>>> print(open('coords04.txt').read())   # compact mmCIF, C-alpha atoms
# COMPACT_ATOMS: atom_id res chain seq x y z
CA MET A 1 21.91 -13.63 -3.56
CA LYS A 2 18.45 -12.18 -3.13
CA LEU A 3 17.04 -9.91 -5.79
CA SER A 4 16.04 -6.33 -5.12
CA LEU A 5 12.72 -6.40 -6.99
CA ARG A 6 11.74 -3.48 -9.14
CA PHE A 7 9.27 -1.03 -7.68
CA GLY A 8 7.21 0.00 -10.68
CA ILE A 9 6.42 3.71 -10.57
CA ALA A 10 3.29 3.01 -12.59
CA LEU A 11 1.90 0.99 -9.70
CA VAL A 12 2.99 3.12 -6.77
CA LEU A 13 1.34 5.97 -8.61
CA GLY A 14 -1.43 3.77 -8.84
CA LEU A 15 -13.01 4.03 0.59
CA SER A 16 -15.41 3.98 3.25
CA LEU A 17 -14.46 1.48 5.92
CA THR A 18 -14.23 1.41 9.65
CA ALA A 19 -13.49 -2.33 9.91
CA ALA A 20 -11.02 -4.40 7.93
CA ILE A 21 -11.19 -8.02 6.95
CA LEU A 22 -9.89 -9.76 10.02
CA PRO A 23 -6.40 -11.22 9.49
CA PHE A 24 -6.04 -14.97 9.52
CA GLU A 25 -3.59 -16.60 11.89
CA LEU A 26 -0.32 -17.87 10.48
CA VAL A 27 -0.37 -21.61 9.82
CA LEU A 28 3.19 -22.18 8.64
CA LYS A 29 6.37 -21.62 10.63
CA GLU A 30 8.96 -18.95 9.90
CA LYS A 31 11.34 -21.52 8.43
CA ASP A 32 8.56 -22.56 6.05
CA HIS A 33 8.12 -18.94 4.97
CA GLU A 34 11.86 -18.75 4.39
CA LYS A 35 11.81 -21.88 2.23
CA ILE A 36 9.00 -20.52 0.09
CA GLY A 37 10.72 -17.13 0.02
CA ASP A 38 13.95 -18.68 -1.23
CA SER A 39 12.11 -20.34 -4.11
CA LEU A 40 10.47 -17.01 -4.95
CA VAL A 41 13.85 -15.30 -5.02
CA GLU A 42 15.15 -17.92 -7.46
CA TYR A 43 12.14 -17.28 -9.68
CA TYR A 44 12.57 -13.51 -9.72
CA ASP A 45 16.30 -13.91 -10.28
CA ALA A 46 15.44 -16.04 -13.32
CA ILE A 47 13.23 -13.24 -14.62
CA LYS A 48 16.03 -10.76 -14.10
CA ASP A 49 18.51 -13.00 -15.92
CA LYS A 50 15.94 -13.90 -18.60
CA LYS A 51 16.71 -17.60 -18.41
CA GLY A 52 15.37 -20.64 -16.60
CA ILE A 53 12.07 -18.89 -15.86
CA THR A 54 9.79 -21.88 -16.44
CA GLU A 55 11.97 -24.20 -14.39
CA ALA A 56 12.16 -21.70 -11.53
CA ARG A 57 8.39 -21.20 -11.55
CA ASN A 58 7.90 -24.96 -11.46
CA ASP A 59 10.23 -25.12 -8.46
CA VAL A 60 8.03 -22.59 -6.64
CA ARG A 61 5.02 -24.71 -7.51
CA ASP A 62 6.74 -27.84 -6.19
CA VAL A 63 7.60 -26.17 -2.88
CA LEU A 64 4.03 -24.98 -2.43
CA ASP A 65 2.62 -28.38 -3.40
CA LYS A 66 4.72 -30.10 -0.74
CA PHE A 67 3.41 -27.77 1.95
CA SER A 68 -0.16 -28.17 0.65
CA GLU A 69 0.21 -31.95 0.79
CA LYS A 70 1.59 -31.81 4.33
CA LEU A 71 -1.18 -29.51 5.56
CA SER A 72 -3.87 -31.54 3.80
CA LYS A 73 -2.69 -34.72 5.48
CA LYS A 74 -2.71 -33.06 8.88
CA ALA A 75 -6.14 -31.45 8.39
CA LYS A 76 -7.59 -34.54 6.66
CA LYS A 77 -8.95 -32.32 3.91
CA ASP A 78 -7.55 -30.49 0.90
CA VAL A 79 -5.55 -27.39 1.85
CA ASP A 80 -4.03 -25.09 -0.78
CA VAL A 81 -1.15 -23.00 0.59
CA LEU A 82 -2.23 -20.21 -1.78
CA SER A 83 -5.38 -19.89 0.34
CA LEU A 84 -3.29 -18.92 3.38
CA THR A 85 -3.11 -15.20 2.66
CA GLU A 86 -1.15 -14.26 5.78
CA ASP A 87 1.40 -17.03 5.21
CA MET A 88 1.86 -16.06 1.57
CA THR A 89 2.36 -12.46 2.67
CA ALA A 90 5.05 -13.60 5.11
CA ALA A 91 6.74 -15.65 2.36
CA PHE A 92 6.72 -12.81 -0.14
CA MET A 93 8.19 -10.50 2.49
CA LYS A 94 11.10 -12.93 2.75
CA ALA A 95 11.60 -12.55 -1.00
CA ALA A 96 11.55 -8.74 -1.06
CA SER A 97 15.18 -8.18 -0.16
CA VAL A 98 17.20 -4.98 -0.10
CA PRO A 99 20.93 -4.22 0.09
CA SER A 100 22.51 -5.50 3.30
CA ARG A 101 24.30 -2.20 3.83
CA ALA A 102 22.67 1.20 4.02
CA ALA A 103 23.27 4.60 5.59
CA VAL A 104 22.15 4.43 9.24
CA GLY A 105 22.40 6.44 12.44
CA LYS A 106 22.90 9.82 10.77
CA ILE A 107 21.06 12.24 8.55
CA THR A 108 22.13 11.58 4.96
CA ASP A 109 21.42 13.49 1.75
CA PHE A 110 20.38 11.57 -1.38
CA SER A 111 20.24 12.71 -4.99
CA VAL A 112 18.52 10.27 -7.32
CA ASP A 113 18.07 10.17 -11.08
CA THR A 114 14.48 9.75 -12.25
CA PRO A 115 12.88 9.75 -15.71
CA LEU A 116 11.97 13.39 -15.03
CA GLY A 117 15.36 14.53 -13.75
CA LYS A 118 17.22 14.75 -10.45
CA MET A 119 15.33 14.35 -7.20
CA ASP A 120 16.68 15.11 -3.72
CA PHE A 121 15.67 13.93 -0.27
CA THR A 122 17.29 13.65 3.15
CA LEU A 123 16.92 10.51 5.22
CA HIS A 124 17.62 9.14 8.68
CA ALA A 125 17.56 5.41 9.46
CA PRO A 126 17.78 4.00 13.00
CA LYS A 127 21.31 3.39 14.27
CA LYS A 128 20.47 -0.26 14.96
CA TYR A 129 18.74 -0.81 11.61
CA LYS A 130 19.77 -3.98 9.79
CA ALA A 131 17.87 -5.42 6.86
CA SER A 132 18.46 -8.90 8.26
CA LYS A 133 16.57 -8.00 11.44
CA GLY A 134 13.34 -7.33 9.57
CA SER A 135 11.35 -4.43 8.22
CA VAL A 136 10.69 -1.08 9.90
CA PRO A 137 8.12 1.70 9.44
CA LEU A 138 8.71 4.53 6.98
CA ILE A 139 7.68 8.14 7.51
CA ILE A 140 7.80 10.40 4.46
CA THR A 141 7.67 14.02 5.57
CA ILE A 142 7.15 17.22 3.58
CA PRO A 143 8.60 20.28 5.34
CA GLU A 144 7.12 23.76 5.26
CA GLU A 145 8.18 25.97 2.34
CA GLY A 146 11.82 27.02 2.39
CA LYS A 147 12.83 24.77 5.28
CA ASP A 148 16.20 23.04 5.15
CA LEU A 149 15.63 19.28 5.05
CA SER A 150 18.20 18.42 7.73
CA ASP A 151 16.89 21.15 10.02
CA HIS A 152 13.37 19.84 9.52
CA LEU A 153 14.39 16.34 10.60
CA ASN A 154 16.46 17.55 13.55
CA GLU A 155 13.79 19.89 14.86
CA ASN A 156 10.72 17.72 14.31
CA TRP A 157 11.62 14.02 14.16
CA MET A 158 14.95 13.20 15.81
CA LEU A 159 13.65 12.13 19.20
CA GLY A 160 13.32 8.86 21.13
CA ASP A 161 11.30 5.98 19.72
CA VAL A 162 10.60 7.66 16.37
CA ARG A 163 14.29 8.27 15.67
CA ASP A 164 15.19 4.77 16.83
CA GLY A 165 12.27 2.92 15.28
CA ALA A 166 11.55 4.28 11.79
CA VAL A 167 13.19 5.36 8.57
CA ILE A 168 12.30 9.04 8.14
CA ALA A 169 12.72 10.87 4.82
CA ALA A 170 12.30 14.61 4.25
CA LEU A 171 11.59 15.50 0.63
CA LYS A 172 12.75 18.49 -1.42
CA MET A 173 9.57 19.74 -3.04
CA PRO A 174 9.26 21.92 -6.18
CA ARG A 175 10.12 25.61 -5.81
CA ASN A 176 6.57 26.50 -6.81
CA VAL A 177 4.30 25.59 -3.87
CA ASP A 178 1.36 25.44 -6.27
CA LEU A 179 2.91 22.25 -7.72
CA TRP A 180 3.27 20.45 -4.40
CA ALA A 181 -0.06 18.66 -4.66
CA LYS A 182 -0.01 18.29 -8.44
CA SER A 183 1.39 16.07 -11.15
CA SER A 184 3.78 17.83 -13.50
CA ARG A 185 6.59 16.72 -15.79
CA ASP A 186 8.45 19.98 -16.45
CA PRO A 187 9.18 20.92 -13.76
CA MET A 188 8.60 17.77 -11.73
CA GLY A 189 5.45 18.02 -9.63
CA GLY A 190 5.09 17.20 -5.96
CA LEU A 191 3.18 14.03 -6.71
CA GLU A 192 6.10 12.69 -8.74
CA VAL A 193 8.62 13.77 -6.09
CA ILE A 194 6.74 11.88 -3.39
CA MET A 195 6.17 8.68 -5.32
CA PHE A 196 9.63 8.52 -6.93
CA SER A 197 11.15 9.05 -3.48
CA LEU A 198 9.01 6.29 -2.03
CA GLY A 199 10.01 3.91 -4.80
CA ASN A 200 13.71 4.61 -4.27
CA ILE A 201 13.57 4.18 -0.49
CA LEU A 202 11.74 0.86 -0.82
CA LYS A 203 14.60 -0.44 -2.98
CA GLU A 204 17.24 0.54 -0.42
CA TYR A 205 15.68 -0.18 2.98
CA ALA A 206 13.62 -3.01 4.46
CA ILE A 207 10.32 -1.21 4.91
CA ASP A 208 7.18 -2.77 6.36
CA PRO A 209 4.61 -2.37 3.52
CA ASN A 210 1.83 -2.02 6.09
CA ARG A 211 3.55 0.84 7.95
CA ILE A 212 4.24 3.58 5.41
CA TYR A 213 3.09 7.01 6.63
CA ILE A 214 3.03 10.36 4.87
CA SER A 215 3.35 13.58 6.84
CA GLY A 216 3.33 17.27 6.12
CA ARG A 217 4.09 20.49 7.97
CA GLY A 218 2.82 23.91 6.93
CA ASP A 219 2.05 23.82 3.19
CA GLY A 220 3.20 20.21 3.24
CA VAL A 221 0.01 19.13 5.04
CA GLU A 222 -2.20 19.70 2.01
CA ALA A 223 0.35 18.09 -0.33
CA ALA A 224 0.58 15.00 1.86
CA ALA A 225 -3.21 14.77 2.20
CA HIS A 226 -3.79 15.12 -1.53
CA VAL A 227 -1.32 12.39 -2.44
CA ALA A 228 -2.75 10.07 0.24
CA SER A 229 -6.23 10.63 -1.16
CA ILE A 230 -5.09 9.66 -4.66
CA PHE A 231 -3.15 6.56 -3.57
CA PRO A 232 -4.90 5.49 -0.35
CA TYR A 233 -3.86 1.83 -0.63
CA THR A 234 -0.18 2.84 -0.40
CA PHE A 235 -0.26 4.54 2.99
CA ALA A 236 -1.10 3.36 6.48
CA GLY A 237 -1.75 6.89 7.63
CA LEU A 238 -1.58 10.64 7.13
CA ILE A 239 0.07 12.92 9.69
CA GLY A 240 -0.47 16.69 9.66
CA ARG A 241 1.66 18.94 11.86
CA SER A 242 1.10 22.69 12.32
CA GLY A 243 -0.61 23.19 8.99
CA ASP A 244 -4.09 23.35 7.53
CA LEU A 245 -5.85 21.65 4.65
CA SER A 246 -6.89 23.70 1.64
CA GLY A 247 -8.91 21.46 -0.63
CA THR A 248 -8.67 17.75 0.10
CA GLY A 249 -11.83 16.14 1.46
CA PRO A 250 -12.19 12.95 3.54
CA LYS A 251 -14.03 10.75 1.02
CA ASN A 252 -11.02 8.55 0.20
CA PHE A 253 -9.87 8.22 3.82
CA GLY A 254 -12.24 5.51 5.03
CA ASN A 255 -9.27 3.14 5.30
CA VAL A 256 -6.47 5.66 5.88
CA HIS A 257 -6.11 6.82 9.47
CA CYS A 258 -5.26 10.50 9.93
CA TYR A 259 -3.59 12.30 12.83
CA PHE A 260 -3.50 16.08 12.98
CA ALA A 261 -1.33 17.79 15.58
CA GLY A 262 -2.38 21.39 15.28
CA GLY A 263 -4.00 22.78 12.17
CA GLY A 264 -6.71 25.27 11.32
CA GLY A 265 -10.44 25.26 10.82
CA ASN A 266 -10.25 23.13 7.67
CA VAL A 267 -8.74 20.25 9.67
CA THR A 268 -11.69 20.38 12.07
CA ASP A 269 -14.07 20.54 9.12
CA PHE A 270 -12.29 17.52 7.59
CA GLN A 271 -12.83 15.56 10.81
CA ASP A 272 -16.51 16.55 11.00
CA LYS A 273 -17.15 15.55 7.38
CA ALA A 274 -15.35 12.24 7.94
CA LYS A 275 -17.67 11.51 10.87
CA ASP A 276 -20.67 12.39 8.68
CA LEU A 277 -19.47 9.71 6.25
CA GLY A 278 -19.31 7.20 9.10
CA TYR A 279 -15.51 7.24 9.32
CA GLU A 280 -13.76 6.99 12.67
CA THR A 281 -10.34 7.38 11.08
CA VAL A 282 -9.51 11.01 11.91
CA THR A 283 -7.81 12.10 15.14
CA VAL A 284 -7.21 15.79 15.94
CA GLU A 285 -4.98 16.61 18.91
CA PRO A 286 -3.82 20.25 18.76
CA ALA A 287 -1.19 19.62 21.44
CA GLY A 288 -0.02 16.30 20.00
CA ASP A 289 3.74 15.86 20.32
CA LEU A 290 6.16 13.38 18.76
CA LYS A 291 5.59 10.83 21.52
CA ALA A 292 1.84 10.93 20.83
CA ILE A 293 2.46 10.59 17.10
CA TRP A 294 4.60 7.48 17.62
CA THR A 295 1.95 5.94 19.90
CA TRP A 296 -0.60 6.60 17.15
CA ILE A 297 1.68 5.11 14.47
CA GLU A 298 2.15 1.92 16.50
CA ALA A 299 -1.62 1.54 16.82
CA HIS A 300 -2.48 2.16 13.15
CA PRO A 301 -0.93 -0.15 10.53
CA ARG A 302 -2.31 -0.13 7.02
CA ILE A 303 -5.66 -1.76 6.38
CA ALA A 304 -4.42 -3.90 3.49
CA ASN A 305 -7.63 -5.89 2.92
CA PRO A 306 -10.57 -3.59 3.69
CA SER A 307 -14.06 -5.00 3.45
CA LYS A 308 -15.45 -1.72 2.11
CA ILE A 309 -14.09 0.84 -0.31
CA ASP A 310 -15.37 4.32 -1.15
CA PHE A 311 -13.21 5.92 -3.78
CA GLU A 312 -13.38 9.10 -5.82
CA LEU A 313 -11.16 8.81 -8.90
CA LYS A 314 -9.25 12.07 -8.95
CA SER A 315 -6.50 11.30 -11.43
CA PRO A 316 -6.20 9.19 -14.61
CA MET A 317 -2.92 7.73 -13.27
CA ALA A 318 -4.47 6.63 -9.98
CA ALA A 319 -7.26 4.23 -10.80
CA ARG A 320 -6.59 1.69 -8.06
CA ALA A 321 -7.81 1.35 -4.50
CA TYR A 322 -6.74 -1.80 -2.65
CA TRP A 323 -8.38 -4.83 -4.34
CA LEU A 324 -10.14 -2.82 -7.05
CA SER A 325 -9.03 -0.87 -10.10
CA ALA A 326 -11.13 1.12 -12.55
CA ALA A 327 -10.96 1.88 -16.26
CA GLY A 328 -12.97 3.96 -18.70
CA PHE A 329 -13.44 7.15 -16.70
CA ASP A 330 -12.80 10.89 -16.99
CA PRO A 331 -11.81 12.63 -13.73
CA GLU A 332 -13.68 15.73 -14.90
CA GLU A 333 -16.93 13.75 -14.68
CA GLU A 334 -16.37 13.03 -10.97
CA PRO A 335 -16.32 9.23 -11.20
CA ALA A 336 -16.83 7.37 -7.94
CA ILE A 337 -16.98 3.79 -6.71
CA SER A 338 -18.36 2.14 -3.60
CA ALA A 339 -17.65 -1.56 -3.12
CA GLU A 340 -18.31 -3.83 -0.18
CA ILE A 341 -17.50 -7.46 0.56
CA ASN A 342 -19.63 -9.77 2.65
CA ARG A 343 -17.34 -12.75 3.22
CA GLU A 344 -20.07 -14.75 4.94
CA THR A 345 -22.22 -14.70 1.80
CA ASN A 346 -19.14 -14.52 -0.47
CA ALA A 347 -20.64 -11.53 -2.24
CA ILE A 348 -19.23 -8.23 -3.50
CA ALA A 349 -21.58 -5.32 -4.21
CA ILE A 350 -20.33 -2.47 -6.40
CA THR A 351 -22.01 0.85 -7.08
CA ALA A 352 -20.15 3.02 -9.56
CA SER A 353 -20.89 6.20 -11.50
CA ASN A 354 -19.09 7.43 -14.61
CA VAL A 355 -16.91 4.31 -14.71
CA SER A 356 -17.19 1.72 -17.49
CA GLU A 357 -15.18 -1.19 -16.07
CA VAL A 358 -13.55 -2.47 -12.90
CA THR A 359 -11.04 -5.21 -12.18
CA LEU A 360 -11.41 -7.05 -8.89
CA TYR A 361 -8.48 -8.82 -7.25
CA PHE A 362 -9.20 -11.73 -4.92
CA ASN A 363 -7.49 -13.58 -2.10
CA ASP A 364 -8.86 -15.75 0.66
CA ALA A 365 -8.73 -12.96 3.20
CA LEU A 366 -11.36 -11.19 1.11
CA VAL A 367 -13.52 -14.09 -0.13
CA ASP A 368 -13.56 -17.86 0.16
CA LEU A 369 -12.16 -19.00 -3.18
CA ASP A 370 -13.29 -22.55 -2.52
CA ARG A 371 -16.83 -21.26 -3.04
CA GLU A 372 -18.67 -19.42 -5.79
CA VAL A 373 -18.24 -15.64 -5.66
CA LYS A 374 -21.21 -13.37 -6.36
CA VAL A 375 -20.43 -9.93 -7.81
CA ILE A 376 -23.18 -7.33 -8.21
CA CYS A 377 -22.31 -4.33 -10.40
CA ASN A 378 -24.89 -1.54 -10.31
CA GLY A 379 -27.56 -4.13 -9.63
CA VAL A 380 -26.45 -6.66 -12.26
CA GLU A 381 -25.46 -9.97 -10.65
CA GLN A 382 -22.82 -12.44 -11.80
CA LYS A 383 -21.66 -15.65 -10.14
CA GLU A 384 -18.39 -17.37 -10.83
CA LYS A 385 -15.98 -19.90 -9.32
CA PHE A 386 -12.34 -18.87 -9.42
CA SER A 387 -9.21 -20.99 -9.31
CA ARG A 388 -6.26 -19.78 -7.29
CA SER A 389 -3.39 -18.97 -9.62
CA LEU A 390 0.27 -18.99 -8.65
CA ALA A 391 1.02 -17.06 -11.85
CA THR A 392 -1.35 -14.29 -10.75
CA ALA A 393 0.30 -14.04 -7.33
CA LEU A 394 3.78 -14.00 -8.85
CA THR A 395 2.87 -11.31 -11.38
CA GLN A 396 1.03 -9.15 -8.86
CA PHE A 397 4.01 -9.11 -6.52
CA TYR A 398 6.50 -8.50 -9.31
CA ASN A 399 4.51 -5.46 -10.44
CA SER A 400 3.92 -4.01 -6.99
CA ASN A 401 6.71 -5.20 -4.69
CA ASP A 402 4.00 -5.00 -2.01
CA ALA A 403 3.87 -8.18 0.05
CA GLY A 404 1.02 -6.75 2.07
CA ARG A 405 -1.39 -7.20 -0.84
CA VAL A 406 -1.05 -10.66 -2.38
CA TYR A 407 -3.82 -11.74 -4.78
CA THR A 408 -4.36 -15.15 -6.37
CA ALA A 409 -7.21 -14.40 -8.79
CA PHE A 410 -8.75 -11.47 -10.66
CA GLN A 411 -11.63 -10.72 -12.99
CA VAL A 412 -12.75 -7.79 -15.14
CA TYR A 413 -16.37 -6.61 -14.91
CA ASP A 414 -18.32 -4.23 -17.13
CA ILE A 415 -20.21 -1.57 -15.19
CA PRO A 416 -23.72 -0.91 -16.51
CA GLU A 417 -25.10 2.58 -16.18
CA LEU A 418 -26.95 3.35 -12.98
CA GLU A 419 -30.69 3.48 -13.47
CA ASP A 420 -32.33 6.76 -12.53
CA LYS A 421 -34.47 6.41 -9.41
>>> encode(input="coords04.txt", output="structure tokens")
Amino acid sequence: MKLSLRFGIALVLGLSLTAAILPFELVLKEKDHEKIGDSLVEYYDAIKDKKGITEARNDVRDVLDKFSEKLSKKAKKDVDVLSLTEDMTAAFMKAASVPSRAAVGKITDFSVDTPLGKMDFTLHAPKKYKASKGSVPLIITIPEEGKDLSDHLNENWMLGDVRDGAVIAALKMPRNVDLWAKSSRDPMGGLEVIMFSLGNILKEYAIDPNRIYISGRGDGVEAAAHVASIFPYTFAGLIGRSGDLSGTGPKNFGNVHCYFAGGGGNVTDFQDKAKDLGYETVTVEPAGDLKAIWTWIEAHPRIANPSKIDFELKSPMAARAYWLSAAGFDPEEEPAISAEINRETNAIAITASNVSEVTLYFNDALVDLDREVKVICNGVEQKEKFSRSLATALTQFYNSNDAGRVYTAFQVYDIPELEDK
């Protein structure tokens, strides 16, 4: 029996790019991914049962070694399966199982216990959804204030390809609209509602990690935009419908595509400022309907391995952006990071202000781990050769339950102060 892996709320709670690292082609076959996935399931089951962990991990290593040996013989050179980022992603997706039965084909209310109390949302899954058939997109939607969740889904989302192709969840936000875009423990803030809901849905439905979208209507537009700006690596895109922005800027949306159907002057200003930053990620179509939204969704999966990150650190609980996380910062001091990878030269350049340390996570989609990696932090250069680590990959996936971002090495770097020019 496959294990439903935990979805750590600490991770789901926690870039200027117009081009992603190009995905590699799959080398292994689907049956190979399944074999690796089965060994991963046995390993995570061992962790759950707290016995046989070392043996299970060795079994994963043995399976990978056999594929590495086979590929090396065929290529007449050493090939490490851990270097095949796309194949490892496919294998980990086989391991991230969910219950075989779930509510489908009708709008269903959910009430879930969280560490901060009860949380409610209403969800519709496609009638033909089956976990065994593979993952589907997820749309998290925040209705306008006072709107019944079922009415919101029926009036705005229950049509054609969207209804039949995606899991759609409408969230019950705090009574106080001022809390919708904030973190709060008593009462629960909108940020917690969104991320707890996401974590619960990912445990119950087979969701494509590269196709999770957050949408808002009315006051929900700003709440959705704010959360997406704090956790950009989580979402493939932001969708705003008939609502305006009130404070969120575009700086953290270099890798998050945005679609606004309707909206006020602040949406237009958001698009203009995004273009000034060099982003081509914002689409504004005042007459955009649900068919247009679905076409846009199909064309914009998550950029899981961006080559460039621009990130303003807006919250102490959200210090991560894709393959980088920060430490030693105070959000009041407006900390910011820009990081860019040149895979041809195998170099990463980081410019950071009001941040004391960063952790970089590596895979072979980002850099060539068979070569030395050069990291430049505020002008200070370091070179190092990294070894791919199965333990790192296993731990990263266990903590995140995100098969779309598999890393096999990491390193912590001190950030020297920027010199005044």
>>> residues_around(input="coords04.txt", residues="stretch 210-213 of chain A", least_positions_apart="6", cutoff="9 Å", atoms="all atoms listed in the file", output="ChimeraX atom specification")
/A:136-141,234-239,297-298,300-304,402-404
>>> closest_residue(input="coords04.txt", among="A:Trp180, A:Phe121, A:Tyr413, A:Tyr43", to="A:Phe92", atoms="all atoms listed in the file")
A:Tyr43
>>> closest_residue(input="coords04.txt", among="A:Ala102, A:Leu149, A:Ala169, A:Met158", to="A:Leu123", atoms="all atoms listed in the file")
A:Ala169
>>> closest_residue(input="coords04.txt", among="A:Ala125, A:Val162, A:Leu390, A:Ala91", to="A:Asp289", atoms="all atoms listed in the file")
A:Val162
>>> closest_residue(input="coords04.txt", among="A:Pro143, A:Gly189, A:Pro232, A:Gly165", to="A:Pro126", atoms="all atoms listed in the file")
A:Gly165
>>> residues_around(input="coords04.txt", residues="A:Ala103", least_positions_apart="2", cutoff="8 Å", atoms="only C-alpha atoms", output="PyMOL selection string")
chain A and resi 101+105-106+108+124-125
>>> residues_around(input="coords04.txt", residues="A:Val63", least_positions_apart="2", cutoff="12 Å", atoms="only C-alpha atoms", output="VMD selection string")
chain A and resid 32 to 40 56 to 61 65 to 70 80 to 82 91 390
>>> write_last_selection(input="coords04.txt", atoms="C-alpha atoms", output="PDB file, in the frame of the given file")
ATOM      1  CA  ASP A  32       8.560 -22.560   6.050  1.00  0.00           C
ATOM      2  CA  HIS A  33       8.120 -18.940   4.970  1.00  0.00           C
ATOM      3  CA  GLU A  34      11.860 -18.750   4.390  1.00  0.00           C
ATOM      4  CA  LYS A  35      11.810 -21.880   2.230  1.00  0.00           C
ATOM      5  CA  ILE A  36       9.000 -20.520   0.090  1.00  0.00           C
ATOM      6  CA  GLY A  37      10.720 -17.130   0.020  1.00  0.00           C
ATOM      7  CA  ASP A  38      13.950 -18.680  -1.230  1.00  0.00           C
ATOM      8  CA  SER A  39      12.110 -20.340  -4.110  1.00  0.00           C
ATOM      9  CA  LEU A  40      10.470 -17.010  -4.950  1.00  0.00           C
ATOM     10  CA  ALA A  56      12.160 -21.700 -11.530  1.00  0.00           C
ATOM     11  CA  ARG A  57       8.390 -21.200 -11.550  1.00  0.00           C
ATOM     12  CA  ASN A  58       7.900 -24.960 -11.460  1.00  0.00           C
ATOM     13  CA  ASP A  59      10.230 -25.120  -8.460  1.00  0.00           C
ATOM     14  CA  VAL A  60       8.030 -22.590  -6.640  1.00  0.00           C
ATOM     15  CA  ARG A  61       5.020 -24.710  -7.510  1.00  0.00           C
ATOM     16  CA  ASP A  65       2.620 -28.380  -3.400  1.00  0.00           C
ATOM     17  CA  LYS A  66       4.720 -30.100  -0.740  1.00  0.00           C
ATOM     18  CA  PHE A  67       3.410 -27.770   1.950  1.00  0.00           C
ATOM     19  CA  SER A  68      -0.160 -28.170   0.650  1.00  0.00           C
ATOM     20  CA  GLU A  69       0.210 -31.950   0.790  1.00  0.00           C
ATOM     21  CA  LYS A  70       1.590 -31.810   4.330  1.00  0.00           C
ATOM     22  CA  ASP A  80      -4.030 -25.090  -0.780  1.00  0.00           C
ATOM     23  CA  VAL A  81      -1.150 -23.000   0.590  1.00  0.00           C
ATOM     24  CA  LEU A  82      -2.230 -20.210  -1.780  1.00  0.00           C
ATOM     25  CA  ALA A  91       6.740 -15.650   2.360  1.00  0.00           C
ATOM     26  CA  LEU A 390       0.270 -18.990  -8.650  1.00  0.00           C
TER      27      LEU A 390
END
>>> residues_around(input="coords04.txt", residues="A:Glu145", least_positions_apart="4", cutoff="8 Å", atoms="all atoms listed in the file", output="count of residues only")
4
>>> atom_distance(input="coords04.txt", atom1="atom CA of A:Asp87", atom2="atom CA of A:Leu366")
14.6 Å
>>> atom_distance(input="coords04.txt", atom1="atom CA of A:Glu42", atom2="atom CA of A:Thr392")
17.2 Å
>>> atom_distance(input="coords04.txt", atom1="atom CA of A:Asp109", atom2="atom CA of A:Val256")
29.3 Å
>>> closest_residue(input="coords04.txt", among="A:Glu332, A:Ile376, A:Leu394, A:Asn401", to="A:Pro416", atoms="all atoms listed in the file")
A:Ile376
